[in-house]
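Text of coords_37.cif, listed as mmCIF, C-alpha atoms:
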data_run
#
loop_
_atom_site.label_atom_id
_atom_site.label_comp_id
_atom_site.auth_asym_id
_atom_site.auth_seq_id
_atom_site.Cartn_x
_atom_site.Cartn_y
_atom_site.Cartn_z
CA MET A 5 113.46 27.65 120.18
CA THR A 6 116.23 29.24 122.18
CA THR A 7 117.59 32.61 121.02
CA THR A 8 121.33 32.92 121.36
CA THR A 9 123.18 36.04 122.36
CA ALA A 10 124.59 36.39 118.85
CA ASP A 11 121.06 36.49 117.35
CA ARG A 12 119.90 39.44 119.50
CA PRO A 13 121.84 42.21 117.66
CA VAL A 14 120.51 40.85 114.34
CA ALA A 15 116.92 40.98 115.59
CA ALA A 16 117.41 44.49 116.99
CA THR A 17 118.86 45.64 113.67
CA ALA A 18 115.87 44.17 111.81
CA ARG A 19 113.40 45.98 114.10
CA ALA A 20 115.17 49.36 113.79
CA PRO A 21 113.79 50.24 110.30
CA GLN A 22 110.26 49.34 111.44
CA LYS A 23 110.64 51.58 114.49
CA ARG A 24 111.91 54.47 112.36
CA ALA A 25 109.04 53.95 109.93
CA ARG A 26 106.48 54.12 112.76
CA GLU A 27 108.13 57.26 114.15
CA GLY A 28 108.14 58.81 110.67
CA ARG A 29 104.44 58.07 110.21
CA GLY A 30 103.73 59.56 113.63
CA VAL A 31 105.61 62.77 112.81
CA ALA A 32 103.89 62.99 109.41
CA THR A 33 100.45 62.50 110.97
CA THR A 34 101.10 65.13 113.62
CA ALA A 35 102.40 67.58 111.00
CA HIS A 36 99.36 67.01 108.78
CA ILE A 37 96.96 67.56 111.68
CA ALA A 38 98.77 70.77 112.67
CA LEU A 39 98.67 72.01 109.05
CA ILE A 40 94.96 71.22 108.74
CA VAL A 41 94.17 73.09 111.97
CA TRP A 42 96.31 76.05 110.89
CA SER A 43 94.68 76.10 107.45
CA LEU A 44 91.23 76.16 109.01
CA LEU A 45 92.23 79.02 111.31
CA VAL A 46 93.33 81.02 108.25
CA ILE A 47 90.70 80.04 105.69
CA LEU A 48 87.52 80.07 107.79
CA PRO A 49 87.76 83.78 108.78
CA LEU A 50 88.33 84.66 105.10
CA VAL A 51 85.30 82.61 104.01
CA TRP A 52 83.19 84.15 106.79
CA THR A 53 84.25 87.65 105.74
CA LEU A 54 83.41 86.91 102.10
CA LEU A 55 79.96 85.54 102.99
CA SER A 56 79.26 88.46 105.35
CA SER A 57 80.02 90.91 102.53
CA PHE A 58 76.81 89.73 100.84
CA LYS A 59 74.61 90.11 103.93
CA THR A 60 72.60 92.94 105.40
CA THR A 61 73.47 94.41 108.77
CA GLN A 62 70.49 92.60 110.32
CA GLU A 63 71.73 89.25 108.99
CA VAL A 64 75.25 89.86 110.25
CA LEU A 65 74.07 90.77 113.74
CA GLY A 66 71.23 88.22 113.86
CA ASN A 67 73.11 85.07 112.87
CA PRO A 68 76.74 85.71 111.91
CA LEU A 69 77.37 82.08 110.90
CA ALA A 70 74.36 81.70 108.61
CA LEU A 71 74.56 81.93 104.84
CA PRO A 72 73.27 85.15 103.21
CA SER A 73 69.63 85.01 102.13
CA LYS A 74 70.72 86.26 98.71
CA VAL A 75 73.86 87.59 97.06
CA ARG A 76 73.97 91.37 97.44
CA PHE A 77 76.59 92.92 95.19
CA GLY A 78 75.14 96.29 96.17
CA ASN A 79 77.30 96.15 99.30
CA TYR A 80 80.39 96.40 97.10
CA ALA A 81 78.90 99.33 95.19
CA THR A 82 78.09 101.06 98.48
CA ALA A 83 81.59 100.48 99.82
CA TRP A 84 83.22 101.62 96.57
CA THR A 85 81.22 104.83 96.12
CA THR A 86 79.42 105.90 99.29
CA ALA A 87 82.20 104.92 101.70
CA GLY A 88 84.90 106.24 99.34
CA ILE A 89 86.80 102.95 99.14
CA GLY A 90 87.25 103.51 95.40
CA ARG A 91 89.21 106.73 96.00
CA TYR A 92 91.25 105.13 98.78
CA PHE A 93 91.96 102.13 96.57
CA THR A 94 93.21 104.38 93.77
CA ASN A 95 95.45 106.31 96.16
CA THR A 96 96.86 103.06 97.54
CA VAL A 97 97.61 101.69 94.07
CA ILE A 98 99.39 104.92 93.10
CA VAL A 99 101.48 105.01 96.27
CA VAL A 100 102.33 101.31 96.47
CA VAL A 101 103.10 100.78 92.78
CA SER A 102 105.23 103.93 92.57
CA ALA A 103 107.11 103.09 95.76
CA LEU A 104 107.55 99.47 94.69
CA VAL A 105 109.02 100.39 91.31
CA LEU A 106 111.42 102.90 92.86
CA VAL A 107 112.55 100.65 95.69
CA MET A 108 113.10 97.67 93.39
CA ILE A 109 115.22 99.69 90.96
CA LEU A 110 117.23 101.52 93.61
CA GLY A 111 117.51 98.45 95.85
CA ALA A 112 118.72 96.21 93.02
CA MET A 113 121.31 98.74 91.89
CA CYS A 114 122.56 99.31 95.43
CA ALA A 115 122.70 95.58 96.24
CA TYR A 116 124.51 94.85 92.97
CA VAL A 117 127.21 97.44 93.59
CA LEU A 118 127.72 96.37 97.20
CA ALA A 119 127.88 92.68 96.23
CA ARG A 120 130.03 92.83 93.10
CA PHE A 121 132.42 95.75 93.59
CA THR A 122 135.09 96.36 96.22
CA PHE A 123 135.66 99.95 97.27
CA ARG A 124 136.36 101.94 100.40
CA GLY A 125 133.24 102.22 102.55
CA ASN A 126 131.52 99.19 101.01
CA ARG A 127 130.99 97.35 104.28
CA LEU A 128 130.10 100.57 106.09
CA ILE A 129 127.27 101.24 103.63
CA TYR A 130 126.09 97.63 103.80
CA TYR A 131 126.01 97.54 107.59
CA SER A 132 124.30 100.92 107.65
CA MET A 133 121.58 99.37 105.51
CA LEU A 134 121.31 96.47 107.95
CA ALA A 135 121.06 98.94 110.82
CA GLY A 136 118.05 100.44 109.09
CA LEU A 137 116.25 97.11 109.53
CA THR A 138 116.58 97.35 113.30
CA PHE A 139 115.27 100.93 113.54
CA PRO A 140 111.65 101.00 114.81
CA VAL A 141 109.29 102.92 112.56
CA PHE A 142 107.56 104.80 115.36
CA LEU A 143 110.85 106.38 116.48
CA ALA A 144 111.20 108.06 113.09
CA ILE A 145 107.69 109.51 112.93
CA VAL A 146 108.50 112.88 114.52
CA PRO A 147 111.67 113.57 112.46
CA LEU A 148 109.88 112.42 109.30
CA PHE A 149 106.99 114.75 110.06
CA PHE A 150 109.21 117.82 110.18
CA VAL A 151 111.34 116.74 107.20
CA LEU A 152 108.28 116.30 104.99
CA LYS A 153 106.80 119.53 106.33
CA ASN A 154 109.94 121.50 105.45
CA LEU A 155 109.93 119.94 101.97
CA SER A 156 106.22 120.78 101.52
CA LEU A 157 105.48 117.06 101.08
CA LEU A 158 103.43 116.53 104.22
CA ASN A 159 99.91 115.15 103.57
CA THR A 160 100.79 114.42 99.94
CA LEU A 161 101.06 111.19 97.98
CA PRO A 162 104.64 111.95 96.79
CA GLY A 163 105.73 112.41 100.40
CA LEU A 164 104.19 109.07 101.30
CA ILE A 165 105.88 107.40 98.33
CA ILE A 166 109.32 108.71 99.35
CA THR A 167 108.76 107.54 102.93
CA TYR A 168 107.72 104.06 101.78
CA VAL A 169 110.83 103.81 99.60
CA ALA A 170 113.09 104.85 102.47
CA PHE A 171 111.73 102.20 104.82
CA ALA A 172 111.60 99.39 102.26
CA LEU A 173 115.09 100.00 100.83
CA PRO A 174 117.18 98.36 103.62
CA PHE A 175 115.27 95.09 103.44
CA THR A 176 115.46 95.07 99.63
CA VAL A 177 119.22 95.59 99.64
CA PHE A 178 119.74 92.96 102.33
CA PHE A 179 117.60 90.41 100.47
CA LEU A 180 119.12 90.95 97.01
CA HIS A 181 122.72 91.24 98.19
CA SER A 182 123.13 87.47 98.53
CA PHE A 183 121.60 86.84 95.09
CA PHE A 184 124.01 89.16 93.31
CA LYS A 185 126.88 87.86 95.43
CA ALA A 186 126.22 84.29 94.25
CA LEU A 187 126.13 85.10 90.53
CA PRO A 188 129.16 83.68 88.68
CA GLY A 189 131.85 86.22 87.89
CA GLU A 190 132.59 84.52 84.55
CA ILE A 191 129.32 85.82 83.12
CA TYR A 192 130.20 89.37 84.13
CA GLU A 193 133.63 89.01 82.57
CA ALA A 194 132.14 87.57 79.36
CA ALA A 195 129.78 90.55 79.09
CA GLN A 196 132.72 92.93 79.54
CA ILE A 197 134.74 91.12 76.87
CA ASP A 198 131.78 91.40 74.47
CA GLY A 199 131.90 95.17 74.91
CA ALA A 200 128.96 95.68 77.27
CA GLY A 201 129.29 98.63 79.63
CA GLU A 202 128.41 98.53 83.32
CA TRP A 203 124.83 99.69 82.76
CA ARG A 204 124.25 97.21 79.92
CA THR A 205 125.80 94.38 81.94
CA PHE A 206 123.60 95.12 84.92
CA PHE A 207 120.25 95.53 83.15
CA SER A 208 120.73 92.95 80.38
CA VAL A 209 122.78 90.24 82.07
CA MET A 210 122.98 90.35 85.86
CA LEU A 211 119.51 91.66 86.72
CA PRO A 212 117.62 88.95 84.73
CA MET A 213 119.70 86.28 86.48
CA ALA A 214 118.47 87.58 89.85
CA ARG A 215 114.82 87.41 88.75
CA PRO A 216 113.75 84.88 91.45
CA GLY A 217 115.09 87.13 94.18
CA MET A 218 113.54 90.19 92.58
CA ALA A 219 110.14 88.49 92.44
CA SER A 220 110.34 87.39 96.07
CA VAL A 221 111.39 90.73 97.50
CA ALA A 222 108.77 92.47 95.34
CA ILE A 223 106.06 90.28 96.91
CA PHE A 224 107.30 90.96 100.45
CA ASN A 225 107.53 94.69 99.79
CA PHE A 226 104.08 94.76 98.21
CA LEU A 227 102.53 93.06 101.22
CA GLY A 228 104.28 95.36 103.66
CA LEU A 229 103.49 98.57 101.78
CA TRP A 230 99.88 97.65 101.01
CA ASN A 231 99.13 96.97 104.69
CA GLN A 232 101.08 99.95 106.04
CA PHE A 233 99.08 101.89 108.62
CA LEU A 234 101.31 103.84 111.03
CA LEU A 235 103.13 105.95 108.44
CA PRO A 236 99.99 107.09 106.55
CA VAL A 237 98.15 107.90 109.78
CA ALA A 238 100.99 110.12 111.01
CA LEU A 239 102.11 111.69 107.72
CA ASN A 240 98.98 111.76 105.59
CA THR A 241 96.07 113.36 107.43
CA ASP A 242 94.35 114.85 104.37
CA SER A 243 91.22 112.76 103.80
CA LYS A 244 91.48 113.21 100.01
CA ASN A 245 94.82 111.36 100.08
CA TYR A 246 93.83 108.54 102.43
CA VAL A 247 95.07 105.05 101.58
CA LEU A 248 93.00 101.91 102.17
CA SER A 249 94.14 101.27 105.74
CA GLN A 250 93.16 104.82 106.73
CA GLY A 251 89.93 104.65 104.74
CA MET A 252 88.89 101.42 106.43
CA ALA A 253 89.53 102.85 109.89
CA SER A 254 87.64 106.02 109.01
CA PHE A 255 84.73 104.08 107.52
CA ALA A 256 84.38 101.89 110.60
CA SER A 257 84.68 104.74 113.12
CA GLN A 258 82.58 107.47 111.50
CA ALA A 259 79.40 105.40 111.35
CA GLY A 260 79.46 104.54 115.05
CA TYR A 261 76.65 102.14 115.94
CA ALA A 262 74.91 102.71 112.59
CA VAL A 263 77.68 101.07 110.57
CA ASP A 264 76.65 99.16 107.45
CA PHE A 265 78.32 95.83 108.22
CA GLY A 266 77.63 94.42 104.76
CA ALA A 267 79.44 97.31 103.10
CA LEU A 268 82.17 97.16 105.75
CA PHE A 269 82.89 93.49 105.03
CA ALA A 270 82.77 94.25 101.30
CA ALA A 271 85.42 96.92 101.86
CA VAL A 272 87.54 94.37 103.73
CA VAL A 273 87.29 91.97 100.78
CA ILE A 274 88.29 94.76 98.37
CA THR A 275 91.29 95.51 100.57
CA VAL A 276 92.42 91.88 100.94
CA ALA A 277 91.74 90.67 97.39
CA PRO A 278 94.74 92.36 95.67
CA VAL A 279 97.14 90.82 98.20
CA LEU A 280 95.77 87.33 97.58
CA VAL A 281 95.80 87.79 93.81
CA VAL A 282 99.42 88.98 93.80
CA TYR A 283 100.53 86.07 95.96
CA ILE A 284 98.67 83.49 93.86
CA ILE A 285 100.21 84.84 90.66
CA PHE A 286 103.77 85.00 91.98
CA GLN A 287 103.82 82.09 94.44
CA ARG A 288 105.84 79.93 92.02
CA GLN A 289 108.56 82.58 91.79
CA LEU A 290 108.61 82.77 95.58
CA GLN A 291 109.04 79.01 95.87
CA VAL A 292 111.81 79.02 93.27
CA SER A 293 113.59 81.78 95.17
CA VAL A 294 113.40 79.93 98.48
CA THR A 295 114.63 76.73 96.83
CA ALA A 296 117.52 78.53 95.15
CA GLY A 297 118.48 80.16 98.45
CA GLY A 298 118.44 76.79 100.18
CA VAL A 299 120.65 75.18 97.51
CA LYS A 300 123.17 78.00 97.75
#

Is it possible to give me this structure as structure tokens?
Amino acid sequence: MTTTTADRPVAATARAPQKRAREGRGVATTAHIALIVWSLLVILPLVWTLLSSFKTTQEVLGNPLALPSKVRFGNYATAWTTAGIGRYFTNTVIVVVSALVLVMILGAMCAYVLARFTFRGNRLIYYSMLAGLTFPVFLAIVPLFFVLKNLSLLNTLPGLIITYVAFALPFTVFFLHSFFKALPGEIYEAAQIDGAGEWRTFFSVMLPMARPGMASVAIFNFLGLWNQFLLPVALNTDSKNYVLSQGMASFASQAGYAVDFGALFAAVVITVAPVLVVYIIFQRQLQVSVTAGGVK
């Protein structure tokens, strides 16, 4: 059968959806393979660390990939008490939770005012906050050292809390500014008509509406503050006030070649576990926040 010239565009049009379908399946397959490989690169080291936390030093050095001969929870007890991880964990919780509460309250209030009110210097303050995001931490170490020393806050947990708040505040304001900016003005006006003052409007009306953004920035701040290392090392040299990152480094370095690898891996698990738990609990709020930001 002879195909006419008029039939060729029709045939090409009919083959186009099939071609797009094959290309779509190819992209999906490639994406799934990449995700599987990436997941293995992330999950396998975590599983290996967890299994190693139940081994003896001889088992870790003899065959690192083998399963532990038996479950040894004593490694966690050794890490918590003998290595002092319990004290470091408590210090970290005090510092991170205190700094997180302060930065969320101050950051939300600052972002709300900058987003909802027009006044002289508004943009200057906002861009100054953005400039804080570009300032490298290590350049501020020396000035911070002398400031905290003059305030008698050097090598103290309150000094570390204030420093954490200062460095987390610009990101918090930047992140929440768009959320408060997108809130409908009619709700604010309705609250004012009902007799609510500025404080009542903020805490009872506007702040709950920005809950997805608050949850997301709280997670990001928690991760950043929990894993902070440079600031504590430079500004908190008193061993009684060490946080987990300092305690882990001290534990690994003091033992030298006689390090208890089972207890060391147990300490790593203790350090990582709170981060995973917080993310698992609040991952839905993070997804909702990202979705809401994409829709806006």

Practice problem: Grab the atom CA of A:Phe123 to atom CA of A:Phe178 distance for me, in Å with one decimal place. | Solution: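 Going from atom CA of A:Phe123 over to atom CA of A:Phe178, I get 18.1 Å.
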
Quiz item: Taking the file as shown, what set of residues would the PyMOL selection byres ((chain A and resi 60) around 8) give back, as a PyMOL selection string?
Solution: chain A and resi 58-59+61-64+264-266

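For the pair atom CA of A:Gln232 and atom CA of A:Ser249, the separation is 7.1 Å.
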
Excluding stretch 90-97 of chain A and its own-chain neighbours fewer than 5 positions away, which residues fall within 8 Å of it when counting all atoms listed in the file? Please give them as a compact mmCIF listing (two decimals) with C-alpha atoms, in the frame of the given file.
# COMPACT_ATOMS: atom_id res chain seq x y z
CA ALA A 83 81.59 100.48 99.82
CA TRP A 84 83.22 101.62 96.57
CA THR A 85 81.22 104.83 96.12
CA LEU A 161 101.06 111.19 97.98
CA TRP A 230 99.88 97.65 101.01
CA LYS A 244 91.48 113.21 100.01
CA ASN A 245 94.82 111.36 100.08
CA TYR A 246 93.83 108.54 102.43
CA VAL A 247 95.07 105.05 101.58
CA LEU A 248 93.00 101.91 102.17
CA GLY A 251 89.93 104.65 104.74
CA THR A 275 91.29 95.51 100.57

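Distance-wise, atom CA of A:Leu227 and atom CA of A:Val209 end up 28.0 Å apart.
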
Quiz prompt | Of the listed residues A:Pro188, A:Gly88, A:Gly66, A:Gly30, that which approaches A:Ala271 most closely, counting only C-alpha atoms | solution =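 Going through A:Pro188, A:Gly88, A:Gly66, A:Gly30 one by one, the smallest distance to A:Ala271 is for A:Gly88.
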
Quiz item: For A:Ala253, which of A:Trp52, A:Ala87, A:Ala103, A:His181 is the closest residue, counting all atoms listed in the file?
Solution: A:Ala87

Quiz prompt | Distance criterion (all atoms listed in the file): nearest to A:Phe175 out of A:Met108, A:Ala195, A:Ile285, A:Met252 | solution =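 Selected residue with least distance to A:Phe175: A:Met108.
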
Self-check item: Contact residues around A:Tyr192 with only C-alpha atoms at 9 Å, ignoring same-chain residues under 4 positions, as a list in words
Solution: Leu187, Pro188, Gln196, Ile197, Thr205, Phe206, Val209 and Met210 of chain A

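Of the residues listed (A:Thr86, A:Pro212, A:Gly217, A:Thr138), A:Thr86 shows the shortest atom-to-atom separation from A:Phe255; distances use only C-alpha atoms.
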
Quiz prompt | From A:Ser156, A:Met213, A:Gly136, A:Ala32, residue lying nearest A:Lys185 [only C-alpha atoms] | solution =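 Comparing A:Ser156, A:Met213, A:Gly136, A:Ala32 against A:Lys185, the winner is A:Met213.
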
Residue rebuild result stretch 165-185 of chain A, N, CA, C and O atoms as a PDB file, in the frame of the given file:
ATOM      1  N   ILE A 165     105.097 108.293  99.196  1.00  0.00           N
ATOM      2  CA  ILE A 165     105.880 107.400  98.330  1.00  0.00           C
ATOM      3  C   ILE A 165     107.353 107.413  98.746  1.00  0.00           C
ATOM      4  O   ILE A 165     107.996 106.351  98.880  1.00  0.00           O
ATOM      5  N   ILE A 166     107.913 108.600  98.953  1.00  0.00           N
ATOM      6  CA  ILE A 166     109.320 108.710  99.350  1.00  0.00           C
ATOM      7  C   ILE A 166     109.556 108.015 100.689  1.00  0.00           C
ATOM      8  O   ILE A 166     110.565 107.318 100.885  1.00  0.00           O
ATOM      9  N   THR A 167     108.627 108.176 101.621  1.00  0.00           N
ATOM     10  CA  THR A 167     108.760 107.540 102.930  1.00  0.00           C
ATOM     11  C   THR A 167     108.717 106.020 102.807  1.00  0.00           C
ATOM     12  O   THR A 167     109.510 105.304 103.443  1.00  0.00           O
ATOM     13  N   TYR A 168     107.810 105.515 101.998  1.00  0.00           N
ATOM     14  CA  TYR A 168     107.720 104.060 101.780  1.00  0.00           C
ATOM     15  C   TYR A 168     109.023 103.519 101.192  1.00  0.00           C
ATOM     16  O   TYR A 168     109.514 102.463 101.602  1.00  0.00           O
ATOM     17  N   VAL A 169     109.581 104.244 100.229  1.00  0.00           N
ATOM     18  CA  VAL A 169     110.830 103.810  99.600  1.00  0.00           C
ATOM     19  C   VAL A 169     111.950 103.767 100.632  1.00  0.00           C
ATOM     20  O   VAL A 169     112.743 102.809 100.677  1.00  0.00           O
ATOM     21  N   ALA A 170     112.016 104.776 101.473  1.00  0.00           N
ATOM     22  CA  ALA A 170     113.090 104.850 102.470  1.00  0.00           C
ATOM     23  C   ALA A 170     113.032 103.673 103.441  1.00  0.00           C
ATOM     24  O   ALA A 170     114.075 103.115 103.820  1.00  0.00           O
ATOM     25  N   PHE A 171     111.838 103.269 103.846  1.00  0.00           N
ATOM     26  CA  PHE A 171     111.730 102.200 104.820  1.00  0.00           C
ATOM     27  C   PHE A 171     111.806 100.813 104.199  1.00  0.00           C
ATOM     28  O   PHE A 171     112.132  99.841 104.889  1.00  0.00           O
ATOM     29  N   ALA A 172     111.513 100.694 102.913  1.00  0.00           N
ATOM     30  CA  ALA A 172     111.600  99.390 102.260  1.00  0.00           C
ATOM     31  C   ALA A 172     112.978  99.123 101.666  1.00  0.00           C
ATOM     32  O   ALA A 172     113.311  97.972 101.364  1.00  0.00           O
ATOM     33  N   LEU A 173     113.784 100.160 101.497  1.00  0.00           N
ATOM     34  CA  LEU A 173     115.090 100.000 100.830  1.00  0.00           C
ATOM     35  C   LEU A 173     116.055  99.100 101.603  1.00  0.00           C
ATOM     36  O   LEU A 173     116.707  98.238 100.991  1.00  0.00           O
ATOM     37  N   PRO A 174     116.219  99.233 102.925  1.00  0.00           N
ATOM     38  CA  PRO A 174     117.180  98.360 103.620  1.00  0.00           C
ATOM     39  C   PRO A 174     116.874  96.870 103.465  1.00  0.00           C
ATOM     40  O   PRO A 174     117.781  96.071 103.211  1.00  0.00           O
ATOM     41  N   PHE A 175     115.628  96.496 103.598  1.00  0.00           N
ATOM     42  CA  PHE A 175     115.270  95.090 103.440  1.00  0.00           C
ATOM     43  C   PHE A 175     115.530  94.609 102.020  1.00  0.00           C
ATOM     44  O   PHE A 175     116.008  93.487 101.805  1.00  0.00           O
ATOM     45  N   THR A 176     115.236  95.451 101.032  1.00  0.00           N
ATOM     46  CA  THR A 176     115.460  95.070  99.630  1.00  0.00           C
ATOM     47  C   THR A 176     116.939  94.850  99.362  1.00  0.00           C
ATOM     48  O   THR A 176     117.327  93.868  98.720  1.00  0.00           O
ATOM     49  N   VAL A 177     117.779  95.734  99.843  1.00  0.00           N
ATOM     50  CA  VAL A 177     119.220  95.590  99.640  1.00  0.00           C
ATOM     51  C   VAL A 177     119.739  94.339 100.348  1.00  0.00           C
ATOM     52  O   VAL A 177     120.524  93.564  99.782  1.00  0.00           O
ATOM     53  N   PHE A 178     119.306  94.131 101.579  1.00  0.00           N
ATOM     54  CA  PHE A 178     119.740  92.960 102.330  1.00  0.00           C
ATOM     55  C   PHE A 178     119.324  91.659 101.631  1.00  0.00           C
ATOM     56  O   PHE A 178     120.098  90.700 101.550  1.00  0.00           O
ATOM     57  N   PHE A 179     118.112  91.614 101.110  1.00  0.00           N
ATOM     58  CA  PHE A 179     117.600  90.410 100.470  1.00  0.00           C
ATOM     59  C   PHE A 179     118.314  90.124  99.158  1.00  0.00           C
ATOM     60  O   PHE A 179     118.654  88.970  98.862  1.00  0.00           O
ATOM     61  N   LEU A 180     118.543  91.154  98.342  1.00  0.00           N
ATOM     62  CA  LEU A 180     119.120  90.950  97.010  1.00  0.00           C
ATOM     63  C   LEU A 180     120.642  90.828  97.045  1.00  0.00           C
ATOM     64  O   LEU A 180     121.234  90.342  96.077  1.00  0.00           O
ATOM     65  N   HIS A 181     121.264  91.264  98.116  1.00  0.00           N
ATOM     66  CA  HIS A 181     122.720  91.240  98.190  1.00  0.00           C
ATOM     67  C   HIS A 181     123.255  89.827  97.996  1.00  0.00           C
ATOM     68  O   HIS A 181     124.226  89.610  97.243  1.00  0.00           O
ATOM     69  N   SER A 182     122.647  88.848  98.644  1.00  0.00           N
ATOM     70  CA  SER A 182     123.130  87.470  98.530  1.00  0.00           C
ATOM     71  C   SER A 182     122.907  86.901  97.131  1.00  0.00           C
ATOM     72  O   SER A 182     123.710  86.089  96.653  1.00  0.00           O
ATOM     73  N   PHE A 183     121.843  87.324  96.453  1.00  0.00           N
ATOM     74  CA  PHE A 183     121.600  86.840  95.090  1.00  0.00           C
ATOM     75  C   PHE A 183     122.666  87.341  94.130  1.00  0.00           C
ATOM     76  O   PHE A 183     123.208  86.572  93.327  1.00  0.00           O
ATOM     77  N   PHE A 184     122.974  88.622  94.199  1.00  0.00           N
ATOM     78  CA  PHE A 184     124.010  89.160  93.310  1.00  0.00           C
ATOM     79  C   PHE A 184     125.388  88.637  93.692  1.00  0.00           C
ATOM     80  O   PHE A 184     126.244  88.455  92.826  1.00  0.00           O
ATOM     81  N   LYS A 185     125.589  88.378  94.973  1.00  0.00           N
ATOM     82  CA  LYS A 185     126.880  87.860  95.430  1.00  0.00           C
ATOM     83  C   LYS A 185     127.135  86.466  94.865  1.00  0.00           C
ATOM     84  O   LYS A 185     128.295  86.102  94.571  1.00  0.00           O
TER      85      LYS A 185
END
